[in-house]
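I have placed the structure first, in the form of structure tokens, so that the comments after it can refer back to it.
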Amino acid sequence: MKFADFINSDSIRAELAADDKDSVIREMAGALAAAGAVAEEELDSIVKAILRREELGSTGIGRGVAVPHTKHPSVDKLVGTVAVSVEGLDFESLDGEKVQLFFLLISPPDRPGDHLRALENISRQLRDDTFCRFLKQSKSTEDIWQLLVEADNNQFVS
Amino acid sequence: MSQRAIRIVVVRNEQGLHMRPADMFVQRAAQFESEITVSKEGHRINAKSIMDVLTLAAVKGTELEIEAVGSDAESALEELAKLVEGQFATDKTVEN
């Protein structure tokens with residue numbers, strides 16, 4: 001699976017305003033709703049579901065990366081977005097480090113394979129230091145989207 | 001004395017090796033001194049890195065080869081195989 005298969009480009013945010021866990025999830029899910037990728041009337045329910053998932057254990061997987069996610073019946077295909085926090089914020093990560101890079105995923109309840117393939121893609125790309133560094137330095141939605149497209153075309157890892 | 005052990009396990013839970021089971025797997029692996037790797041169809045990764053484990057994209061039914069090298073290799077494989085084959089949990093919250 002490639003980024004272009006599940007990342008909604010219009011909802012990408014290069015400079016998150018949020019400075020804590022709740023607000024970053026609200027901001028990213030809100031961006032997906034504003035872009036029409038999820039239904040506006042489902043936004044509260046989606047945010048609550050993602051926060052409930054975080055209570056089971058942080059999705060901050062280290063290296064300054066978090067992948068908040070949930071299953072939600074209102075989507076019929078996997079949809080996600082990307083955001084960067086310039087300062088980084090406390091996300092209760094597994095390694096205790098601040099998080100700068102966020103990938104938020106919302107999956108239909110009956111498609112575990114797609115969710116796993118999205119996690120695979122995100123993890124594989126983020127193991128590359130150059131990709132991480134470029135992502136953190138991105139100044140605009142367009143910069144980030146361009147970077148994801150380059151990653152899809154195997155510019156960073158084999 | 002250094003041991004080397006290999007075991008094939010099958011992922012049995014419905015949702016596959018998603019983030020929470022991956023985290024449990026990595027934490028368990030980290031308790032052992034041995035170097036532990038996991039392979040799926042020739043793709044070989046470090047069992048103590050969650051980012052590595054997530055690159056397996058192991059859906060239900062996937063065969064994984066776990067290899068451990070070190071003083072506690074046998075017990076590491078015993079524990080990790082039990083975790084995977086036992087579907088990672090005694091409760092259902094792990095599937096949420």
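Residue numbering restarts at 1 in every chain; chains get A, B, ... in the order shown in the structure tokens, and ligands count up from 1 in that same order.
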Name all residues at most 7 Å from stretch 88-101 of chain A (count only C-alpha atoms; drop same-chain ones fewer than 6 positions away) and give them as a PyMOL selection string. chain A and resi 19-21+58-62+64-66+136
Chain B contacts on chain A, only C-alpha atoms, 6 Å, as a list of chain:residue names: A:Pro112, A:Leu116, A:Arg117, A:Glu120, A:Ser123, A:Arg124
For atom CA of B:Glu78 and atom CA of B:Ala5, the interatomic separation in Å (one decimal):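 Interatomic distance here is 9.8 Å.
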Please return as a VMD selection string: the residues of chain A that backbone DSSP assigns to alpha helix (DSSP H). chain A and resid 3 to 6 21 to 34 43 to 55 112 to 126 129 to 137 141 to 152
Pick the closest to B:Glu65 from B:Ala89, B:Ala81, B:Ala29, B:Met1: which is it, counting only C-alpha atoms?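 Among B:Ala89, B:Ala81, B:Ala29, B:Met1, it is B:Ala81 that comes nearest to B:Glu65.
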The residue from A:Leu104, A:Cys132, A:Ile46, A:Val86 with the smallest atom-to-atom distance to A:Ala18, counting only C-alpha atoms, is A:Val86
For stretch 147-154 of chain A, list every protein, DNA or RNA residue within 8 Å, evaluated using only C-alpha atoms, and leave out those in the same chain fewer than 2 positions away; present the list as a PyMOL selection string. chain A and resi 2-4+125+131+134-135+143-145+156-158
Taking the chain letters and numbering used in this document, name the residues of stretch 7-92 of chain B that DSSP puts in strand (DSSP E or B), as number ranges by chain. B: 7-10, 35-40, 43-46, 63-70
C-alpha atoms of the current selection, written as a PDB file, in the first residue's frame:
```pdb
ATOM      1  CA  ARG B   7      10.536 -21.437  15.750  1.00  0.00           C
ATOM      2  CA  ILE B   8       7.722 -20.962  13.236  1.00  0.00           C
ATOM      3  CA  VAL B   9       4.553 -19.425  14.629  1.00  0.00           C
ATOM      4  CA  VAL B  10       1.220 -18.556  13.025  1.00  0.00           C
ATOM      5  CA  GLU B  35      19.279 -11.098  19.739  1.00  0.00           C
ATOM      6  CA  ILE B  36      15.875 -11.887  18.281  1.00  0.00           C
ATOM      7  CA  THR B  37      14.729 -11.503  14.692  1.00  0.00           C
ATOM      8  CA  VAL B  38      11.442 -12.233  12.936  1.00  0.00           C
ATOM      9  CA  SER B  39      11.150 -13.165   9.275  1.00  0.00           C
ATOM     10  CA  LYS B  40       8.187 -13.202   6.966  1.00  0.00           C
ATOM     11  CA  HIS B  43      11.795 -10.026   5.102  1.00  0.00           C
ATOM     12  CA  ARG B  44      13.782 -10.093   8.347  1.00  0.00           C
ATOM     13  CA  ILE B  45      13.445  -7.563  11.158  1.00  0.00           C
ATOM     14  CA  ASN B  46      14.551  -6.806  14.719  1.00  0.00           C
ATOM     15  CA  GLU B  63       3.609 -17.640   9.275  1.00  0.00           C
ATOM     16  CA  LEU B  64       6.481 -15.938  11.077  1.00  0.00           C
ATOM     17  CA  GLU B  65       9.911 -17.394  11.711  1.00  0.00           C
ATOM     18  CA  ILE B  66      11.347 -16.231  15.014  1.00  0.00           C
ATOM     19  CA  GLU B  67      15.053 -16.701  15.583  1.00  0.00           C
ATOM     20  CA  ALA B  68      16.942 -16.038  18.804  1.00  0.00           C
ATOM     21  CA  VAL B  69      20.680 -16.122  19.450  1.00  0.00           C
ATOM     22  CA  GLY B  70      22.029 -15.725  22.972  1.00  0.00           C
TER      23      GLY B  70
END
```
Would you mind reading off the distance between atom CA of B:Phe32 and atom CA of A:Leu56, one decimal, in Å?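 Straight-line distance from atom CA of B:Phe32 to atom CA of A:Leu56 works out to 24.6 Å.
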Work out how far apart atom CA of A:Ile50 and atom CA of A:Thr70 are and give it in Å to one decimal. 5.2 Å
Near A:Val75, counting only C-alpha atoms, which residues have an atom at most 7 Å away, once you skip same-chain residues fewer than 6 positions from it, shown as a list in words?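 Neighbouring residues, sequence-local ones excluded: Val38, Ser107 and Pro108 of chain A.
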With only C-alpha atoms as the atoms that count, which of B:Lys82, B:Gln87, B:Ser2, B:Ser71 lies nearest to B:Glu33?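 Counting only C-alpha atoms, the residue closest to B:Glu33 is B:Ser71.
Nearest to B:Ala47 of all the residues B:Arg12, B:Ala30, B:Gly61, B:Ala73 is B:Ala30, based on only C-alpha atoms.
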